[in-house]
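What follows is the content of work.cif (mmCIF, C-alpha atoms and all ligand atoms).
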data_input
#
loop_
_atom_site.label_atom_id
_atom_site.label_comp_id
_atom_site.auth_asym_id
_atom_site.auth_seq_id
_atom_site.Cartn_x
_atom_site.Cartn_y
_atom_site.Cartn_z
CA MET A 1 96.54 102.99 71.31
CA THR A 2 97.96 100.45 68.83
CA ALA A 3 96.77 101.13 65.31
CA LEU A 4 94.30 98.54 64.04
CA PRO A 5 94.53 97.39 60.43
CA ALA A 6 91.89 98.51 57.96
CA THR A 7 89.14 95.99 57.26
CA ALA A 8 86.57 95.66 54.49
CA SER A 9 82.85 95.81 55.30
CA ARG A 10 80.31 93.34 53.82
CA THR A 11 79.88 95.55 50.74
CA GLY A 12 83.59 96.42 50.46
CA ALA A 13 83.83 99.77 52.27
CA ARG A 14 87.23 100.35 53.87
CA VAL A 15 86.80 100.63 57.63
CA GLU A 16 89.58 101.96 59.81
CA ARG A 17 90.00 103.53 63.26
CA LEU A 18 91.62 106.89 62.63
CA PRO A 19 92.16 110.23 64.36
CA LEU A 20 89.61 112.73 63.05
CA ALA A 21 92.22 115.51 63.49
CA ARG A 22 93.47 114.33 60.11
CA TYR A 23 90.14 115.26 58.49
CA THR A 24 89.34 118.63 60.08
CA THR A 25 90.69 122.02 59.00
CA LEU A 26 91.37 122.83 62.68
CA GLY A 27 93.49 119.69 62.95
CA VAL A 28 92.06 118.49 66.27
CA GLY A 29 89.83 115.52 67.12
CA GLY A 30 90.24 112.03 68.56
CA GLU A 31 89.61 108.66 66.98
CA ALA A 32 86.55 107.16 65.40
CA GLU A 33 85.74 104.23 63.14
CA VAL A 34 85.92 105.81 59.69
CA TRP A 35 83.96 104.23 56.81
CA PHE A 36 85.32 105.16 53.38
CA VAL A 37 82.34 104.60 51.08
CA SER A 38 82.48 104.85 47.31
CA ASN A 39 79.06 103.68 46.09
CA GLY A 40 75.38 103.42 46.98
CA ALA A 41 75.58 99.86 48.35
CA GLN A 42 78.41 100.79 50.73
CA LEU A 43 76.56 103.91 51.80
CA ALA A 44 73.40 101.88 52.49
CA GLU A 45 75.43 99.49 54.67
CA ALA A 46 77.25 102.34 56.46
CA VAL A 47 73.96 103.87 57.67
CA GLU A 48 72.75 100.60 59.22
CA ALA A 49 74.29 101.62 62.59
CA PRO A 50 74.59 105.04 64.29
CA TYR A 51 76.71 107.25 62.05
CA ARG A 52 77.91 110.75 61.31
CA ILE A 53 78.70 112.10 57.87
CA LEU A 54 81.97 113.99 57.57
CA GLY A 55 82.67 116.46 54.76
CA GLY A 56 85.71 118.70 54.54
CA GLY A 57 85.73 119.05 58.34
CA SER A 58 85.80 122.82 57.89
CA ASN A 59 83.03 123.62 60.35
CA LEU A 60 83.82 121.14 63.10
CA VAL A 61 85.45 121.00 66.51
CA VAL A 62 85.77 117.30 67.34
CA ALA A 63 86.40 116.25 70.96
CA ASP A 64 89.81 114.85 71.93
CA GLU A 65 87.96 111.61 72.83
CA GLY A 66 86.61 111.31 69.28
CA VAL A 67 83.05 110.13 68.69
CA PRO A 68 81.45 106.72 69.31
CA GLU A 69 79.47 106.60 66.05
CA ARG A 70 80.94 105.44 62.76
CA VAL A 71 82.09 108.37 60.66
CA ILE A 72 81.30 108.20 56.94
CA ARG A 73 83.61 109.69 54.33
CA LEU A 74 82.62 109.82 50.67
CA THR A 75 85.42 108.63 48.36
CA GLY A 76 85.98 107.18 44.87
CA PRO A 77 83.12 108.00 42.47
CA LEU A 78 81.32 109.79 45.32
CA ALA A 79 84.25 112.25 45.36
CA GLU A 80 84.36 112.73 41.58
CA ALA A 81 82.61 115.26 39.36
CA ASP A 82 81.06 114.61 35.94
CA LEU A 83 80.73 118.14 34.57
CA THR A 84 79.58 117.07 31.12
CA PRO A 85 76.39 118.94 30.22
CA ASP A 86 73.40 116.61 30.21
CA PRO A 87 71.83 117.22 26.76
CA ALA A 88 68.37 116.23 27.96
CA LEU A 89 68.40 118.86 30.73
CA SER A 90 70.58 121.63 29.26
CA SER A 91 69.39 124.24 26.80
CA GLY A 92 70.61 127.60 25.57
CA GLU A 93 72.80 129.22 28.21
CA THR A 94 71.68 126.81 30.92
CA VAL A 95 73.85 123.79 31.60
CA VAL A 96 72.83 120.93 33.87
CA THR A 97 75.81 118.72 34.64
CA GLY A 98 76.17 115.02 35.26
CA TRP A 99 76.51 113.84 38.87
CA VAL A 100 78.94 115.55 41.20
CA GLY A 101 79.84 113.49 44.30
CA GLY A 102 79.16 114.91 47.74
CA GLY A 103 82.81 114.19 48.60
CA VAL A 104 84.20 116.49 45.89
CA PRO A 105 86.33 119.29 47.39
CA LEU A 106 84.54 122.55 46.63
CA PRO A 107 87.63 124.75 45.94
CA GLY A 108 88.86 122.49 43.11
CA LEU A 109 85.35 122.27 41.65
CA ILE A 110 85.01 126.06 41.58
CA ARG A 111 88.35 126.35 39.73
CA LYS A 112 87.26 123.75 37.15
CA LEU A 113 83.91 125.48 36.57
CA GLN A 114 85.71 128.77 36.02
CA LYS A 115 87.98 127.23 33.38
CA LEU A 116 84.93 125.73 31.65
CA GLY A 117 83.18 129.11 31.67
CA LEU A 118 80.35 127.86 33.87
CA SER A 119 78.89 130.40 36.25
CA ASN A 120 76.54 130.43 39.32
CA LEU A 121 78.77 129.02 42.08
CA GLU A 122 81.79 131.34 41.96
CA GLY A 123 80.48 133.31 44.97
CA THR A 124 81.44 130.32 47.14
CA VAL A 125 85.13 130.65 46.26
CA GLY A 126 87.46 130.11 49.20
CA ILE A 127 85.12 127.92 51.25
CA PRO A 128 87.23 124.84 52.16
CA ALA A 129 84.27 122.44 52.24
CA GLN A 130 83.19 119.37 50.31
CA VAL A 131 80.19 119.70 48.02
CA GLY A 132 77.92 117.65 50.34
CA GLY A 133 78.80 119.66 53.44
CA ALA A 134 78.49 122.95 51.59
CA VAL A 135 75.08 121.95 50.20
CA TRP A 136 73.89 120.74 53.61
CA MET A 137 74.59 124.19 55.12
CA ASN A 138 73.94 126.18 51.94
CA ALA A 139 77.39 127.65 52.51
CA GLY A 140 78.10 130.93 50.83
CA THR A 141 79.20 134.52 50.99
CA ARG A 142 77.48 137.79 50.21
CA TYR A 143 78.40 137.06 46.57
CA GLY A 144 76.55 133.78 46.27
CA GLU A 145 75.65 130.45 47.85
CA MET A 146 75.41 126.75 46.97
CA PHE A 147 71.69 126.83 46.17
CA ASP A 148 72.46 129.29 43.33
CA GLY A 149 73.72 126.31 41.36
CA LEU A 150 71.76 123.17 42.25
CA HIS A 151 69.46 121.19 39.97
CA THR A 152 68.95 117.83 41.70
CA LEU A 153 70.13 116.40 45.00
CA GLU A 154 70.48 112.72 45.87
CA ILE A 155 69.90 112.10 49.56
CA VAL A 156 70.64 108.89 51.46
CA THR A 157 69.11 107.93 54.82
CA PRO A 158 68.63 104.60 56.61
CA GLY A 159 65.21 104.61 54.90
CA GLY A 160 66.72 104.59 51.39
CA THR A 161 67.85 106.92 48.61
CA ARG A 162 65.75 109.64 47.02
CA GLN A 163 66.20 112.51 44.62
CA VAL A 164 64.86 115.98 45.35
CA THR A 165 65.08 119.42 43.77
CA PRO A 166 65.69 122.72 45.60
CA ASP A 167 61.93 123.41 45.27
CA ASP A 168 61.25 120.40 47.52
CA LEU A 169 63.38 121.86 50.32
CA ALA A 170 62.81 124.72 52.80
CA TRP A 171 66.24 126.18 52.11
CA GLY A 172 67.36 129.65 53.08
CA TYR A 173 70.25 131.60 54.55
CA ARG A 174 72.97 129.05 55.50
CA GLN A 175 70.47 126.21 55.65
CA SER A 176 69.30 123.62 53.18
CA GLY A 177 66.27 122.30 55.02
CA ILE A 178 67.85 118.82 54.83
CA PRO A 179 67.63 117.18 58.27
CA ARG A 180 70.91 116.51 60.09
CA GLY A 181 72.34 113.10 59.23
CA HIS A 182 70.58 112.90 55.84
CA ILE A 183 73.52 112.40 53.49
CA VAL A 184 73.92 114.49 50.33
CA SER A 185 75.60 111.76 48.28
CA ARG A 186 75.52 113.45 44.85
CA VAL A 187 74.14 116.54 43.14
CA ARG A 188 73.57 117.78 39.61
CA LEU A 189 74.57 121.40 39.11
CA ARG A 190 72.51 124.02 37.26
CA LEU A 191 74.95 126.49 35.72
CA ARG A 192 75.02 129.31 33.20
CA ARG A 193 77.44 129.60 30.30
CA SER A 194 79.72 132.60 30.71
CA ALA A 195 83.17 133.77 29.64
CA PRO A 196 85.91 132.20 31.83
CA GLU A 197 87.43 135.68 32.40
CA GLU A 198 84.09 136.96 33.69
CA VAL A 199 83.77 134.08 36.15
CA LEU A 200 87.39 134.65 37.25
CA ALA A 201 86.76 138.35 37.83
CA LYS A 202 83.79 137.53 40.07
CA MET A 203 85.89 134.98 41.97
CA ASP A 204 88.68 137.50 42.51
CA PHE A 205 86.16 140.03 43.76
CA ALA A 206 84.59 137.57 46.23
CA ASP A 207 88.07 136.47 47.35
CA GLN A 208 89.03 140.03 48.32
CA ALA A 209 86.78 139.75 51.38
CA ARG A 210 89.07 137.00 52.74
CA LYS A 211 92.22 139.07 52.74
CA GLY A 212 92.07 139.67 56.52
CA GLN A 213 91.47 136.01 57.42
CA PRO A 214 94.22 133.99 59.10
CA LYS A 215 96.06 131.41 57.00
CA MET A 216 96.57 128.92 59.84
CA LYS A 217 94.53 125.79 60.69
CA THR A 218 91.06 126.93 61.75
CA PRO A 219 87.40 125.87 61.53
CA GLY A 220 86.40 129.32 60.25
CA CYS A 221 84.46 131.94 62.22
CA ALA A 222 83.81 130.98 65.84
CA PHE A 223 80.63 132.94 66.56
CA LYS A 224 77.65 134.29 64.63
CA ASN A 225 77.34 138.07 64.63
CA PRO A 226 74.86 138.83 67.45
CA GLY A 227 72.07 141.11 66.22
CA GLY A 228 74.11 142.30 63.27
CA VAL A 229 77.07 143.40 65.47
CA SER A 230 80.44 141.95 64.40
CA ALA A 231 81.42 139.15 66.81
CA GLY A 232 85.07 139.74 65.82
CA LYS A 233 84.80 143.39 66.86
CA LEU A 234 83.29 142.46 70.26
CA ILE A 235 86.08 139.93 70.90
CA ASP A 236 88.70 142.45 69.79
CA GLU A 237 87.20 145.13 72.08
CA ALA A 238 87.41 142.65 74.96
CA GLY A 239 91.18 142.69 74.39
CA LEU A 240 91.36 139.03 73.38
CA LYS A 241 93.27 139.13 70.08
CA GLY A 242 96.31 136.89 70.43
CA ALA A 243 95.01 135.21 73.65
CA ARG A 244 96.33 131.63 73.93
CA VAL A 245 95.39 128.44 75.69
CA GLY A 246 97.81 125.59 75.01
CA GLY A 247 98.24 125.30 71.25
CA ALA A 248 95.13 127.36 70.39
CA MET A 249 95.07 131.10 69.85
CA ILE A 250 92.59 133.85 69.00
CA ALA A 251 93.97 135.04 65.67
CA PRO A 252 95.71 138.41 65.83
CA GLU A 253 94.48 139.10 62.26
CA HIS A 254 90.79 138.53 63.03
CA ALA A 255 89.43 137.97 66.53
CA ASN A 256 86.52 135.74 65.42
CA PHE A 257 88.96 133.02 64.30
CA ILE A 258 90.59 130.50 66.63
CA VAL A 259 93.70 128.92 65.11
CA ASN A 260 95.77 125.86 65.90
CA LEU A 261 99.38 126.89 66.39
CA GLY A 262 100.36 123.21 66.29
CA GLY A 263 99.47 120.57 68.85
CA ALA A 264 96.22 122.26 69.97
CA SER A 265 93.66 120.03 71.65
CA SER A 266 89.91 120.31 71.50
CA ALA A 267 90.04 121.19 75.24
CA ASP A 268 92.29 124.19 74.41
CA VAL A 269 89.76 125.44 71.86
CA HIS A 270 86.86 124.98 74.31
CA ALA A 271 88.78 126.91 76.96
CA LEU A 272 89.22 129.83 74.53
CA LEU A 273 85.55 129.73 73.56
CA ALA A 274 84.63 129.87 77.27
CA LEU A 275 87.03 132.78 77.83
CA ILE A 276 85.47 134.73 74.95
CA ARG A 277 81.95 134.13 76.30
CA GLU A 278 83.02 135.23 79.78
CA ARG A 279 84.74 138.44 78.63
CA VAL A 280 82.25 139.51 75.92
CA GLY A 281 79.10 140.39 77.80
CA ALA A 282 76.68 139.73 74.91
CA PRO A 283 75.33 136.18 74.38
CA LEU A 284 77.25 134.55 71.53
CA GLU A 285 76.02 131.68 69.37
CA LEU A 286 78.62 129.25 68.11
CA GLU A 287 79.12 129.18 64.33
CA TYR A 288 80.79 125.77 64.19
CA GLU A 289 79.50 122.39 65.14
CA LEU A 290 80.77 120.44 68.13
CA TRP A 291 81.22 116.66 67.84
CA PRO A 292 79.77 115.28 70.07
CA GLU A 293 77.13 117.95 70.63
CA GLN A 294 77.08 119.58 74.07
CA GLY A 295 74.38 120.76 76.49
C1 LIG B 301 88.90 129.27 56.44
C2 LIG B 301 87.43 129.02 56.42
C3 LIG B 301 86.58 129.88 55.73
C4 LIG B 301 85.21 129.64 55.69
N1 LIG B 301 84.41 130.50 55.00
C5 LIG B 301 83.09 130.27 54.92
C6 LIG B 301 82.24 131.12 54.16
O1 LIG B 301 82.68 132.11 53.58
N2 LIG B 301 80.92 130.83 54.09
C7 LIG B 301 80.38 129.74 54.72
O2 LIG B 301 79.17 129.51 54.60
N3 LIG B 301 81.14 128.91 55.46
C8 LIG B 301 82.48 129.15 55.57
N4 LIG B 301 83.27 128.31 56.32
C9 LIG B 301 82.66 127.23 57.09
C10 LIG B 301 82.55 125.88 56.35
O3 LIG B 301 83.44 125.79 55.27
C11 LIG B 301 81.12 125.63 55.86
O4 LIG B 301 80.23 125.64 56.97
C12 LIG B 301 80.94 124.33 55.07
O5 LIG B 301 79.61 124.23 54.64
C13 LIG B 301 81.30 123.07 55.86
O6 LIG B 301 81.37 122.01 54.92
P1 LIG B 301 82.24 120.71 55.17
O7 LIG B 301 82.14 119.84 53.96
O8 LIG B 301 83.59 121.06 55.61
O9 LIG B 301 81.43 120.03 56.34
P2 LIG B 301 81.95 119.45 57.73
O10 LIG B 301 82.62 120.53 58.50
O11 LIG B 301 82.68 118.18 57.52
O12 LIG B 301 80.56 119.11 58.43
C14 LIG B 301 79.69 120.15 58.82
C15 LIG B 301 78.27 119.59 58.87
O13 LIG B 301 77.89 119.20 57.55
C16 LIG B 301 77.47 117.84 57.56
N5 LIG B 301 77.86 117.22 56.29
C17 LIG B 301 79.10 117.11 55.78
N6 LIG B 301 79.06 116.46 54.59
C18 LIG B 301 77.76 116.15 54.39
C19 LIG B 301 77.05 115.46 53.34
N7 LIG B 301 77.69 114.92 52.29
N8 LIG B 301 75.72 115.33 53.46
C20 LIG B 301 75.05 115.86 54.52
N9 LIG B 301 75.65 116.49 55.54
C21 LIG B 301 76.99 116.64 55.45
C22 LIG B 301 78.21 117.23 58.74
O14 LIG B 301 77.60 116.04 59.20
C23 LIG B 301 78.15 118.33 59.74
O15 LIG B 301 76.89 118.33 60.37
C24 LIG B 301 84.66 128.51 56.37
C25 LIG B 301 85.52 127.64 57.05
C26 LIG B 301 86.88 127.87 57.08
C27 LIG B 301 87.77 126.90 57.80
#

Using the file provided, produce a representation of the structure as structure tokens.
Ligand SMILES: Cc1cc2nc3c(=O)[nH]c(=O)nc-3n(C[C@H](O)[C@H](O)[C@H](O)COP(=O)(O)OP(=O)(O)OC[C@H]3O[C@@H](n4cnc5c(N)ncnc54)[C@H](O)[C@@H]3O)c2cc1C
Amino acid sequence: MTALPATASRTGARVERLPLARYTTLGVGGEAEVWFVSNGAQLAEAVEAPYRILGGGSNLVVADEGVPERVIRLTGPLAEADLTPDPALSSGETVVTGWVGGGVPLPGLIRKLQKLGLSNLEGTVGIPAQVGGAVWMNAGTRYGEMFDGLHTLEIVTPGGTRQVTPDDLAWGYRQSGIPRGHIVSRVRLRLRRSAPEEVLAKMDFADQARKGQPKMKTPGCAFKNPGGVSAGKLIDEAGLKGARVGGAMIAPEHANFIVNLGGASSADVHALLALIRERVGAPLELEYELWPEQG
């Protein structure tokens, strides 16, 4: 397909047809109309038609055909972090920051907070998400999760913009209680003053758990652990480590990760997922999200 030039929307958002493979950690996914929005007015316009909100693309398998809806990406000020303590909301050891855009990459934010000696979110180290996507799923590890460090959330829907606090939401393990498609445009963080070395030590500790994970392009773990049993162990026991379809492979390091060896298609990944389900007797629930949804 011939590339179409970028255009500007009524409110000035950059709109361009682009391959979503560029924006996913797996590196697969066909084209969609991408809306790069940098302020509230552009966001309000972007949600006037069917849309999807894209974060770091670290939990997504996007079809080779792409998706028909417009895909919103938060940029500019919505991908910047004001970490200055708000004097009206901070006191003693507790720091409440200025606004942090939903499009801010989480790994860089965690490093900055460490240097500033601000604790509460270091347990999420190593999660390659954006703040908005990580908040939406309450991403985390056994060492901590996003809701450990949230004060206020700004949420945008076609109905308007509103601010909520964690107490307003039914959040829990890997869920925020925010309905799908409601956009986390900005958050204020609630942090605790700490020594930078202490925060770093906690980060290093949490990072140890990732040592066995593959370094190649991947959307993270493929399946949830069924009934507390390790999905990776079941896939390994089925003899599937290193199995390949096209450019996709079940990682030899960890069987619950599918990696892109280069040039993988979404169809390759789906074929591997089907192979795993066929060979592992137990019912397996997918960890990542499929765009478009299936079944
Ligand atoms: C190597 C690797 C390691 C990982 N480790 C972990 C881990 O330890 N713990 C963990 O919990 N997860 C982990 N993940 C999975 C993933 O990083 C998380 O699920 C993360 O929350 C996805 O965020 P994202 O910004 O990439 O969202 P995306 O993948 O872009 O989107 C996922 C969903 O979030 C929605 N979304 C994205 N941005 C917003 C927003 N601003 N507002 C509202 N909804 C939004 C999307 O619409 C979509 O429904 C890992 C992934 C990889 C690739």

**Residue nearest ligand LIG 301 (chain B) - candidates A:Gly92, A:Gly212, A:Pro196, A:Gly57, atoms counted: all atoms listed in the file** = A:Gly57

**Item:** Expected answer as number ranges by chain: all residues with atoms within 9 Å of (70.6, 129.1, 31.1), only C-alpha atoms
**Value:** A: 90-96, 190-193

**Message:** Any residue with an atom at most 8 Å from ligand LIG 301 (chain B) counts, using all atoms listed in the file. Which are they? Put them as number ranges by chain.
**Reply:** A: 24-26, 52-60, 74, 102-103, 105, 124-141, 145, 155, 174, 178, 180-186, 213-215, 217-221, 288-289

**Prompt:** So what do you get for atom CA of A:Glu154 versus atom CA of A:Gly40, distance-wise?
**Reply:** 10.6 Å

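With only C-alpha atoms as the atoms that count, the residue of A:Ile235, A:Leu150, A:Val269, A:Ala282 with the shortest distance to A:Val187 is A:Leu150.
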
**atom CA of A:Lys233 to atom CA of A:Ala255, distance in Å rounded to a single decimal** = 7.1 Å

**Item:** A:Ser194 surroundings by only C-alpha atoms, 8 Å radius, close-in-sequence under 6 positions cut, as a PyMOL selection string
**Value:** chain A and resi 117-119

**Prompt:** Looking at A:His270, A:His151, A:Val199, A:Ala8, which one is nearest to A:Leu89, with distances taken over all atoms listed in the file?
**Reply:** A:His151

**Item:** Test item: residues at most 6 Å from A:Ala248, all atoms listed in the file, excluding those fewer than 4 positions along its chain, as a ChimeraX atom specification
**Value:** /A:244,259-261,264,268-269

Residues just named, written with C-alpha atoms as a compact mmCIF listing (two decimals), keeping the file's coordinate frame:
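Dumped everything to part34.txt:
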# COMPACT_ATOMS: atom_id res chain seq x y z
CA ARG A 244 96.33 131.63 73.93
CA VAL A 259 93.70 128.92 65.11
CA ASN A 260 95.77 125.86 65.90
CA LEU A 261 99.38 126.89 66.39
CA ALA A 264 96.22 122.26 69.97
CA ASP A 268 92.29 124.19 74.41
CA VAL A 269 89.76 125.44 71.86

**Interatomic distance (Å, one decimal) between atom CA of A:Lys211 and atom CA of A:Gln114** =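 Those two atoms sit 20.7 Å apart.
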
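Each of A:Leu286, A:Leu20, A:Leu240, A:Ala170 was compared to A:Val62 using all atoms listed in the file, and A:Leu20 turns out to be the nearest.
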
**Item:** Nearest to A:Arg73 by atom-to-atom distance, counting all atoms listed in the file, from A:Tyr23, A:Ile250, A:Pro87, A:Thr97
**Value:** A:Tyr23

**Nearest-residue call for A:Leu290, choices A:Ala195, A:Asp64, A:Glu33, A:Ser176, using only C-alpha atoms** =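 Residue with the minimum atom-to-atom distance to A:Leu290: A:Asp64.
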
**Request:** Find the spatial neighbours of A:Gly149, counting all atoms listed in the file, within a cut-off of 6 Å - ignore same-chain residues fewer than 2 positions away - and output them as a list in words.
**Result:**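 Final neighbour list, sorted by chain and number: Asn120, Leu121, Met146, Phe147, Leu189, Arg190 and Leu191 of chain A.
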